[in-house]
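Student: Next comes the structure file structure-v2.pdb, holding PDB, C-alpha atoms.
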```pdb
ATOM      1  CA  MET T 108     -99.648  79.777  44.367
ATOM      2  CA  SER T 109    -103.306  79.656  43.477
ATOM      3  CA  SER T 110    -105.434  76.581  43.875
ATOM      4  CA  PRO T 111    -105.855  75.963  40.175
ATOM      5  CA  ASP T 112    -102.080  75.924  39.725
ATOM      6  CA  GLU T 113    -101.551  73.478  42.576
ATOM      7  CA  ALA T 114    -104.173  71.139  41.164
ATOM      8  CA  ALA T 115    -102.511  71.136  37.756
ATOM      9  CA  GLU T 116     -99.094  70.381  39.309
ATOM     10  CA  ASN T 117    -100.475  67.482  41.355
ATOM     11  CA  ARG T 118    -102.097  66.044  38.296
ATOM     12  CA  LEU T 119     -98.755  66.123  36.362
ATOM     13  CA  ARG T 120     -96.887  64.413  39.191
ATOM     14  CA  LYS T 121     -99.354  61.574  39.187
ATOM     15  CA  GLU T 122     -98.999  61.109  35.436
ATOM     16  CA  LEU T 123     -95.104  61.123  35.488
ATOM     17  CA  PRO T 124     -93.147  58.027  36.861
ATOM     18  CA  GLU T 125     -91.419  58.306  40.128
ATOM     19  CA  GLU T 126     -87.954  59.696  40.031
ATOM     20  CA  VAL T 127     -85.173  57.105  40.443
ATOM     21  CA  PRO T 128     -82.095  58.436  42.128
ATOM     22  CA  ALA T 129     -78.898  58.254  39.988
ATOM     23  CA  PRO T 130     -76.112  55.916  41.240
ATOM     24  CA  PRO T 131     -73.321  57.715  42.901
ATOM     25  CA  SER T 132     -70.123  58.296  40.807
ATOM     26  CA  ALA T 133     -66.773  56.713  41.600
ATOM     27  CA  LYS T 134     -65.690  59.905  43.199
ATOM     28  CA  GLU T 135     -68.817  59.973  45.317
ATOM     29  CA  GLN T 136     -68.456  56.281  46.442
ATOM     30  CA  PRO T 137     -67.179  55.861  49.931
ATOM     31  CA  GLU T 138     -63.561  54.870  50.436
ATOM     32  CA  ASP T 139     -64.647  51.717  52.314
ATOM     33  CA  ALA T 140     -66.220  50.205  49.151
ATOM     34  CA  ALA T 141     -62.988  50.601  46.943
ATOM     35  CA  GLU T 142     -60.748  47.445  46.363
ATOM     36  CA  PRO T 143     -57.630  47.503  48.542
ATOM     37  CA  ALA T 144     -54.351  48.274  46.644
ATOM     38  CA  LEU T 145     -51.706  45.414  46.270
ATOM     39  CA  THR T 146     -48.071  45.744  47.294
ATOM     40  CA  GLY T 147     -45.122  45.031  44.934
ATOM     41  CA  ARG T 148     -44.345  41.652  46.543
ATOM     42  CA  GLN T 149     -47.990  40.608  46.293
ATOM     43  CA  ARG T 150     -48.078  41.536  42.633
ATOM     44  CA  LEU T 151     -44.823  39.486  42.024
ATOM     45  CA  VAL T 152     -46.221  36.431  43.813
ATOM     46  CA  LYS T 153     -49.488  36.750  41.896
ATOM     47  CA  GLY T 154     -47.508  36.854  38.576
ATOM     48  CA  LEU T 155     -45.339  33.820  39.437
ATOM     49  CA  TRP T 156     -47.946  31.537  40.907
ATOM     50  CA  PRO T 157     -49.497  29.489  39.609
ATOM     51  CA  PRO T 158     -46.504  28.840  37.246
ATOM     52  CA  ARG T 159     -47.022  28.776  33.472
ATOM     53  CA  VAL T 160     -44.068  26.652  32.106
ATOM     54  CA  THR T 161     -43.702  25.868  28.381
ATOM     55  CA  ARG T 162     -41.706  22.968  26.859
ATOM     56  CA  ALA T 163     -38.955  25.266  25.571
ATOM     57  CA  GLN T 164     -38.518  26.797  29.016
ATOM     58  CA  LEU T 165     -38.301  23.328  30.567
ATOM     59  CA  ILE T 166     -35.585  22.219  28.089
ATOM     60  CA  VAL T 167     -33.575  25.383  28.675
ATOM     61  CA  ALA T 168     -33.839  24.859  32.420
ATOM     62  CA  LEU T 169     -32.549  21.270  32.146
ATOM     63  CA  LEU T 170     -29.638  22.344  29.959
ATOM     64  CA  LEU T 171     -28.685  25.085  32.362
ATOM     65  CA  PHE T 172     -28.879  22.639  35.251
ATOM     66  CA  GLY T 173     -26.584  20.150  33.496
ATOM     67  CA  LEU T 174     -24.106  22.876  32.596
ATOM     68  CA  GLY T 175     -24.038  24.158  36.114
ATOM     69  CA  PHE T 176     -23.558  20.680  37.541
ATOM     70  CA  GLY T 177     -20.622  19.973  35.199
ATOM     71  CA  LEU T 178     -18.951  23.257  36.080
ATOM     72  CA  ALA T 179     -19.374  22.504  39.738
ATOM     73  CA  VAL T 180     -17.767  19.083  39.399
ATOM     74  CA  GLN T 181     -14.855  20.509  37.364
ATOM     75  CA  VAL T 182     -14.254  23.257  39.847
ATOM     76  CA  ALA T 183     -14.371  20.780  42.713
ATOM     77  CA  SER T 184     -11.860  18.478  40.975
ATOM     78  CA  ASN T 185      -9.449  21.300  40.193
ATOM     79  CA  SER T 186      -9.855  22.573  43.670
ATOM     80  CA  ASP T 187      -8.991  19.171  45.153
ATOM     81  CA  SER T 188      -5.841  18.724  43.034
ATOM     82  CA  GLY T 189      -4.836  22.307  43.561
ATOM     83  CA  ASN T 190      -5.345  21.952  47.298
ATOM     84  CA  ALA T 191      -3.252  18.739  47.298
ATOM     85  CA  LEU T 192      -0.353  20.452  45.517
ATOM     86  CA  ARG T 193      -0.853  23.627  47.504
ATOM     87  CA  GLY T 194      -0.472  21.722  50.717
ATOM     88  CA  ALA T 195       2.623  19.755  49.602
ATOM     89  CA  ARG T 196       6.067  20.589  50.839
ATOM     90  CA  GLN T 197       8.774  21.981  48.642
ATOM     91  CA  GLU T 198      10.695  18.696  48.750
ATOM     92  CA  ASP T 199       7.583  16.830  47.591
ATOM     93  CA  LEU T 200       7.054  19.232  44.724
ATOM     94  CA  VAL T 201      10.683  18.854  43.633
ATOM     95  CA  ARG T 202      10.358  15.051  43.789
ATOM     96  CA  ILE T 203       7.160  15.149  41.709
ATOM     97  CA  LEU T 204       8.853  17.298  39.070
ATOM     98  CA  ASP T 205      11.846  14.952  38.977
ATOM     99  CA  GLU T 206       9.559  11.950  38.533
ATOM    100  CA  LEU T 207       7.734  13.680  35.687
ATOM    101  CA  ASP T 208      11.043  14.513  34.015
ATOM    102  CA  ASP T 209      12.276  10.933  34.421
ATOM    103  CA  ARG T 210       9.036   9.538  33.040
ATOM    104  CA  SER T 211       9.186  11.872  30.057
ATOM    105  CA  GLN T 212      12.800  10.838  29.400
ATOM    106  CA  ARG T 213      11.930   7.135  29.635
ATOM    107  CA  LEU T 214       9.038   7.579  27.221
ATOM    108  CA  GLU T 215      11.276   9.467  24.798
ATOM    109  CA  ASP T 216      13.953   6.750  24.992
ATOM    110  CA  GLU T 217      11.336   4.065  24.451
ATOM    111  CA  LYS T 218       9.991   5.953  21.450
ATOM    112  CA  GLN T 219      13.456   6.233  19.900
ATOM    113  CA  GLY T 220      14.105   2.542  20.567
ATOM    114  CA  LEU T 221      10.862   1.524  18.878
ATOM    115  CA  GLU T 222      11.621   3.735  15.885
ATOM    116  CA  LYS T 223      15.086   2.168  15.606
ATOM    117  CA  GLN T 224      13.604  -1.333  15.756
ATOM    118  CA  ARG T 225      11.120  -0.408  13.060
ATOM    119  CA  GLU T 226      13.908   0.868  10.800
ATOM    120  CA  GLU T 227      15.951  -2.276  11.419
ATOM    121  CA  LEU T 228      12.966  -4.479  10.633
ATOM    122  CA  GLU T 229      12.250  -2.545   7.444
ATOM    123  CA  ASN T 230      15.897  -2.745   6.383
ATOM    124  CA  SER T 231      16.177  -6.427   7.246
ATOM    125  CA  SER T 232      12.939  -7.113   5.403
ATOM    126  CA  ASP T 233      14.221  -5.276   2.331
ATOM    127  CA  GLN T 234      17.569  -7.061   2.554
ATOM    128  CA  ALA T 235      15.879 -10.432   2.973
ATOM    129  CA  GLU T 236      13.650  -9.766  -0.030
ATOM    130  CA  GLU T 237      16.634  -8.685  -2.123
ATOM    131  CA  ALA T 238      18.609 -11.743  -0.998
ATOM    132  CA  ARG T 239      15.686 -13.980  -1.875
ATOM    133  CA  LYS T 240      15.435 -12.442  -5.351
ATOM    134  CA  GLN T 241      19.166 -12.849  -5.905
ATOM    135  CA  THR T 242      18.992 -16.449  -4.710
ATOM    136  CA  VAL T 243      16.159 -17.250  -7.113
ATOM    137  CA  GLU T 244      17.998 -15.580  -9.986
ATOM    138  CA  LYS T 245      21.241 -17.362  -9.131
ATOM    139  CA  GLU T 246      19.388 -20.656  -8.939
ATOM    140  CA  LYS T 247      17.995 -20.108 -12.418
ATOM    141  CA  GLN T 248      21.423 -19.274 -13.802
ATOM    142  CA  LEU T 249      22.998 -22.317 -12.217
ATOM    143  CA  GLY T 250      20.079 -24.434 -13.412
ATOM    144  CA  ILE T 251      20.698 -23.284 -16.988
ATOM    145  CA  LEU T 252      24.400 -24.124 -16.742
ATOM    146  CA  ALA T 253      23.652 -27.474 -15.127
ATOM    147  CA  GLY T 254      20.932 -28.257 -17.639
ATOM    148  CA  THR T 255      18.250 -28.825 -14.980
ATOM    149  CA  VAL T 256      15.930 -26.031 -16.227
ATOM    150  CA  ALA T 257      14.798 -25.032 -19.710
ATOM    151  CA  ALA T 258      16.146 -21.870 -21.299
ATOM    152  CA  GLN T 259      15.210 -19.569 -24.124
ATOM    153  CA  GLY T 260      16.754 -16.570 -25.826
ATOM    154  CA  PRO T 261      18.400 -15.409 -29.049
ATOM    155  CA  GLY T 262      20.857 -17.697 -30.758
ATOM    156  CA  ILE T 263      21.436 -19.928 -33.737
ATOM    157  CA  THR T 264      20.393 -23.285 -35.096
ATOM    158  CA  MET T 265      23.081 -25.377 -36.811
ATOM    159  CA  THR T 266      22.042 -28.444 -38.797
ATOM    160  CA  ILE T 267      24.620 -30.978 -40.030
ATOM    161  CA  GLU T 268      23.488 -33.337 -42.789
ATOM    162  CA  ASP T 269      25.741 -36.436 -42.920
ATOM    163  CA  THR T 270      24.611 -38.606 -45.819
ATOM    164  CA  LYS T 271      28.025 -40.282 -46.151
ATOM    165  CA  GLY T 272      28.370 -41.177 -42.470
ATOM    166  CA  THR T 273      31.726 -39.425 -42.232
ATOM    167  CA  VAL T 274      30.973 -37.162 -39.259
ATOM    168  CA  GLU T 275      32.645 -38.440 -36.107
ATOM    169  CA  ALA T 276      32.391 -37.557 -32.429
ATOM    170  CA  ASP T 277      35.546 -35.443 -32.351
ATOM    171  CA  MET T 278      34.115 -33.176 -35.081
ATOM    172  CA  LEU T 279      30.947 -32.552 -33.084
ATOM    173  CA  LEU T 280      33.048 -31.971 -29.954
ATOM    174  CA  ASP T 281      35.095 -29.356 -31.845
ATOM    175  CA  ALA T 282      31.816 -27.613 -32.787
ATOM    176  CA  ILE T 283      30.704 -27.592 -29.146
ATOM    177  CA  GLN T 284      34.054 -26.209 -27.961
ATOM    178  CA  GLU T 285      33.987 -23.508 -30.652
ATOM    179  CA  LEU T 286      30.445 -22.482 -29.631
ATOM    180  CA  ARG T 287      31.410 -22.316 -25.953
ATOM    181  CA  ALA T 288      34.410 -20.158 -26.792
ATOM    182  CA  ALA T 289      32.121 -17.809 -28.749
ATOM    183  CA  GLY T 290      29.878 -17.320 -25.700
ATOM    184  CA  ALA T 291      27.222 -20.019 -25.977
ATOM    185  CA  GLU T 292      25.199 -20.206 -22.739
ATOM    186  CA  ALA T 293      23.015 -23.257 -23.466
ATOM    187  CA  ILE T 294      23.504 -26.004 -26.070
ATOM    188  CA  GLN T 295      21.324 -28.906 -27.087
ATOM    189  CA  VAL T 296      22.286 -31.556 -29.654
ATOM    190  CA  ASN T 297      19.217 -33.361 -30.954
ATOM    191  CA  ASP T 298      17.459 -34.378 -27.682
ATOM    192  CA  VAL T 299      20.507 -34.260 -25.377
ATOM    193  CA  ARG T 300      21.436 -31.270 -23.217
ATOM    194  CA  VAL T 301      25.109 -30.385 -23.326
ATOM    195  CA  VAL T 302      26.632 -29.482 -19.944
ATOM    196  CA  ALA T 303      30.103 -28.971 -18.527
ATOM    197  CA  GLY T 304      30.726 -32.705 -18.087
ATOM    198  CA  THR T 305      29.363 -33.795 -21.466
ATOM    199  CA  TYR T 306      31.432 -36.304 -23.414
ATOM    200  CA  LEU T 307      31.016 -37.631 -26.973
ATOM    201  CA  THR T 308      32.005 -41.053 -28.339
ATOM    202  CA  ASP T 309      31.715 -42.875 -31.632
ATOM    203  CA  SER T 310      29.060 -45.582 -31.582
ATOM    204  CA  ASP T 311      29.052 -47.912 -34.623
ATOM    205  CA  ASP T 312      27.961 -45.701 -37.514
ATOM    206  CA  SER T 313      26.726 -42.886 -35.246
ATOM    207  CA  VAL T 314      27.722 -40.757 -32.251
ATOM    208  CA  SER T 315      26.820 -40.998 -28.568
ATOM    209  CA  VAL T 316      26.455 -37.929 -26.312
ATOM    210  CA  ASP T 317      26.795 -38.800 -22.622
ATOM    211  CA  GLY T 318      25.887 -42.366 -23.529
ATOM    212  CA  ASN T 319      22.828 -41.331 -25.567
ATOM    213  CA  LYS T 320      23.031 -42.399 -29.210
ATOM    214  CA  ILE T 321      22.099 -39.697 -31.724
ATOM    215  CA  ASN T 322      21.716 -39.998 -35.472
ATOM    216  CA  ALA T 323      22.139 -37.597 -38.365
ATOM    217  CA  PRO T 324      21.039 -35.025 -39.119
ATOM    218  CA  PHE T 325      22.726 -33.476 -36.095
ATOM    219  CA  ARG T 326      20.775 -30.451 -34.978
ATOM    220  CA  PHE T 327      22.434 -27.953 -32.618
ATOM    221  CA  LYS T 328      20.251 -25.423 -30.771
ATOM    222  CA  VAL T 329      22.459 -22.776 -29.196
ATOM    223  CA  ILE T 330      21.544 -19.758 -27.052
ATOM    224  CA  GLY T 331      23.906 -16.806 -27.171
ATOM    225  CA  ASN T 332      24.715 -13.723 -29.222
ATOM    226  CA  PRO T 333      24.074 -14.712 -32.856
ATOM    227  CA  GLN T 334      26.547 -12.104 -34.095
ATOM    228  CA  ASP T 335      29.317 -13.911 -32.196
ATOM    229  CA  LEU T 336      28.238 -17.507 -32.663
ATOM    230  CA  GLU T 337      27.799 -17.653 -36.451
ATOM    231  CA  PRO T 338      31.150 -16.016 -37.374
ATOM    232  CA  ALA T 339      32.952 -18.349 -34.965
ATOM    233  CA  LEU T 340      31.692 -21.348 -36.929
ATOM    234  CA  ASN T 341      32.540 -19.853 -40.341
ATOM    235  CA  ILE T 342      36.132 -18.783 -39.702
ATOM    236  CA  PRO T 343      38.667 -20.137 -42.203
ATOM    237  CA  GLY T 344      39.665 -23.632 -41.196
ATOM    238  CA  GLY T 345      36.880 -23.701 -38.657
ATOM    239  CA  VAL T 346      33.997 -26.074 -37.938
ATOM    240  CA  VAL T 347      31.993 -25.476 -41.117
ATOM    241  CA  GLN T 348      34.950 -25.907 -43.488
ATOM    242  CA  THR T 349      36.111 -29.046 -41.664
ATOM    243  CA  LEU T 350      32.685 -30.664 -41.916
ATOM    244  CA  GLU T 351      32.279 -29.682 -45.548
ATOM    245  CA  LYS T 352      35.617 -31.371 -46.331
ATOM    246  CA  GLU T 353      34.025 -34.555 -44.982
ATOM    247  CA  GLN T 354      31.211 -34.056 -47.503
ATOM    248  CA  ALA T 355      28.734 -32.976 -44.813
ATOM    249  CA  THR T 356      26.300 -30.127 -45.376
ATOM    250  CA  VAL T 357      26.152 -27.423 -42.668
ATOM    251  CA  THR T 358      23.352 -24.869 -42.354
ATOM    252  CA  VAL T 359      23.441 -22.037 -39.766
ATOM    253  CA  GLU T 360      20.370 -19.876 -39.059
ATOM    254  CA  ARG T 361      20.017 -16.983 -36.692
ATOM    255  CA  SER T 362      16.897 -16.570 -34.549
ATOM    256  CA  ASP T 363      15.575 -14.162 -31.920
ATOM    257  CA  LYS T 364      14.123 -17.030 -29.918
ATOM    258  CA  ILE T 365      15.800 -20.383 -29.424
ATOM    259  CA  VAL T 366      14.244 -22.811 -26.914
ATOM    260  CA  VAL T 367      16.533 -25.335 -25.234
ATOM    261  CA  ASP T 368      14.167 -27.683 -23.422
ATOM    262  CA  ALA T 369      16.179 -30.899 -23.055
ATOM    263  CA  LEU T 370      16.827 -31.393 -19.317
ATOM    264  CA  ARG T 371      19.368 -33.228 -17.237
ATOM    265  CA  ALA T 372      18.620 -34.744 -13.843
ATOM    266  CA  ALA T 373      20.320 -32.975 -10.957
ATOM    267  CA  LYS T 374      23.227 -35.049  -9.751
ATOM    268  CA  GLN T 375      24.362 -35.024  -6.155
ATOM    269  CA  PRO T 376      28.174 -35.066  -5.927
ATOM    270  CA  ASP T 377      29.650 -38.005  -4.054
ATOM    271  CA  TYR T 378      32.637 -36.268  -2.515
ATOM    272  CA  ALA T 379      32.497 -32.509  -3.160
ATOM    273  CA  ARG T 380      30.870 -30.348  -0.473
ATOM    274  CA  SER T 381      30.322 -26.592  -0.176
ATOM    275  CA  SER T 382      33.187 -24.803   1.553
ATOM    276  CA  SER T 383      31.105 -21.756   2.532
ATOM    277  CA  ARG T 384      30.444 -21.297   6.258
TER     278      ARG T 384
END
```
Would you kindly transcribe this structure into structure tokens?

Tutor:
Amino acid sequence: MSSPDEAAENRLRKELPEEVPAPPSAKEQPEDAAEPALTGRQRLVKGLWPPRVTRAQLIVALLLFGLGFGLAVQVASNSDSGNALRGARQEDLVRILDELDDRSQRLEDEKQGLEKQREELENSSDQAEEARKQTVEKEKQLGILAGTVAAQGPGITMTIEDTKGTVEADMLLDAIQELRAAGAEAIQVNDVRVVAGTYLTDSDDSVSVDGNKINAPFRFKVIGNPQDLEPALNIPGGVVQTLEKEQATVTVERSDKIVVDALRAAKQPDYARSSSR
């Protein structure tokens, strides 16, 4: 190379910056500088620790723990009972079965006995209730016949007007007997209740019923079947015709509701006693 050329080249090198060497590539780096590779166990440990636990994972873990604990206890219990029976002798097993059969039979007998007692109590309760109802009804019927309770029902009203004073006690007694024969169940004359032991007497110009003086007009209130009571009074030669012959006026009226409210005091018998045992 000539001198002029060398001078020009030196001048260009001074004007240009110094060359900076390029960094070596990854392939050109030495093996000592590369990061060491991790094993599978190291990667697993690095992924598990430190732990990253969420609330849902914690709840699931607690539930699984409780479930596992319960299963363990159940298995242990079954294992203990199974081991106890497994280790028993044949005679013991037969005795246990017999005891279970006897206990089952006793429980069944006790159940049947309780059911029988319940049925008896229900029947006795029903019978007692029915007996009580019959007793109350019988008491009412006897009270009506004895005159100790008021009564009401269909019947008739018979009024006897005696302006001449010719009506006597025996005529009124005939009327009562005729009404009883026709089916009268309750009778009241004026303010006196007529019962089985009623008696009538003449008292001066009037009539006494069981010692109670009554005056005309004589008013009979009778409970019974009106279709039987009225014809019985109007038969030929009967009560109405007999009273009319004595110049008395007799009026008979039917009614769907007759109230007999005159009462008699209950009388305790002096000698008679119930023969029922």

Student: Give the answer as one residue: which of T:Lys328, T:Lys271, T:Arg150, T:Lys218 has the shortest atom-to-atom distance to Leu286 of chain T, using only C-alpha atoms?

Tutor: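 The shortest atom-to-atom distance to Leu286 of chain T comes from T:Lys328.
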
Student: Residues within 12 Å of Val314 of chain T, please, as a ChimeraX atom specification. Count all atoms listed in the file; anything in the same chain fewer than 6 positions from it doesn't count.

Tutor: /T:269,272-280,296-297,299,306-308,320-325

Student: Expand the PyMOL selection byres ((chain T and resi 250) around 12) into the explicit residue set it covers here, and present it as a list in words.

Tutor: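 So the PyMOL selection byres ((chain T and resi 250) around 12), applied here, picks out Thr242, Val243, Glu244, Lys245, Glu246, Lys247, Gln248, Leu249, Ile251, Leu252, Ala253, Gly254, Thr255, Val256, Ala257, Ala258, Glu292, Ala293, Val302, Leu370, Arg371, Ala372, Ala373 and Lys374 of chain T.
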
Student: Kindly resolve the PyMOL selection byres ((chain T and resi 339) around 10) on the present coordinates and return the residues as a list in words.

Tutor: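 Listing what the PyMOL selection byres ((chain T and resi 339) around 10) selects in the shown file: Ala282, Glu285, Leu286, Arg287, Ala288, Ala289, Gly290, Pro333, Gln334, Asp335, Leu336, Glu337, Pro338, Leu340, Asn341, Ile342, Pro343, Gly345, Val346 and Val347 of chain T.
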
Student: So that I can see what lies close to Arg326 of chain T, please list as a list in words the residues with an atom at most 12 Å from it, counting all atoms listed in the file and leaving out residues fewer than 6 positions away in the same chain.

Tutor: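 Here the answer would be Ile263, Thr264, Met265, Thr266, Ile267, Glu268, Asp269, Leu279, Ala282, Ile283, Ile294, Gln295, Val296, Asn297, Asp298, Val299, Arg300, Thr356, Val357, Thr358, Val359, Glu360 and Val367 of chain T.
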
Student: Centre and edge lengths, as lines of an AutoDock Vina configuration file, for the axis-aligned box enclosing every listed atom of segment 257-263 of chain T with 4 Å of padding on each of the six sides, in Å to one decimal?

Tutor:
```
center_x = 18.1
center_y = -20.2
center_z = -26.7
size_x = 14.6
size_y = 17.6
size_z = 22.0
```

Student: Would you work out the distance separating atom CA of Asp377 of chain T from atom CA of Gly304 of chain T, expressed in Å to one decimal?

Tutor: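 These atoms are spaced 15.0 Å apart.
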
Student: Atom CA of Ala369 of chain T to atom CA of Asn332 of chain T: how many Å, to one decimal?

Tutor: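 The value is 20.1 Å.
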
Student: Distance atom CA of Val301 of chain T-atom CA of Val329 of chain T, one decimal place?

Tutor: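 For atom CA of Val301 of chain T relative to atom CA of Val329 of chain T, the distance reads 10.0 Å.
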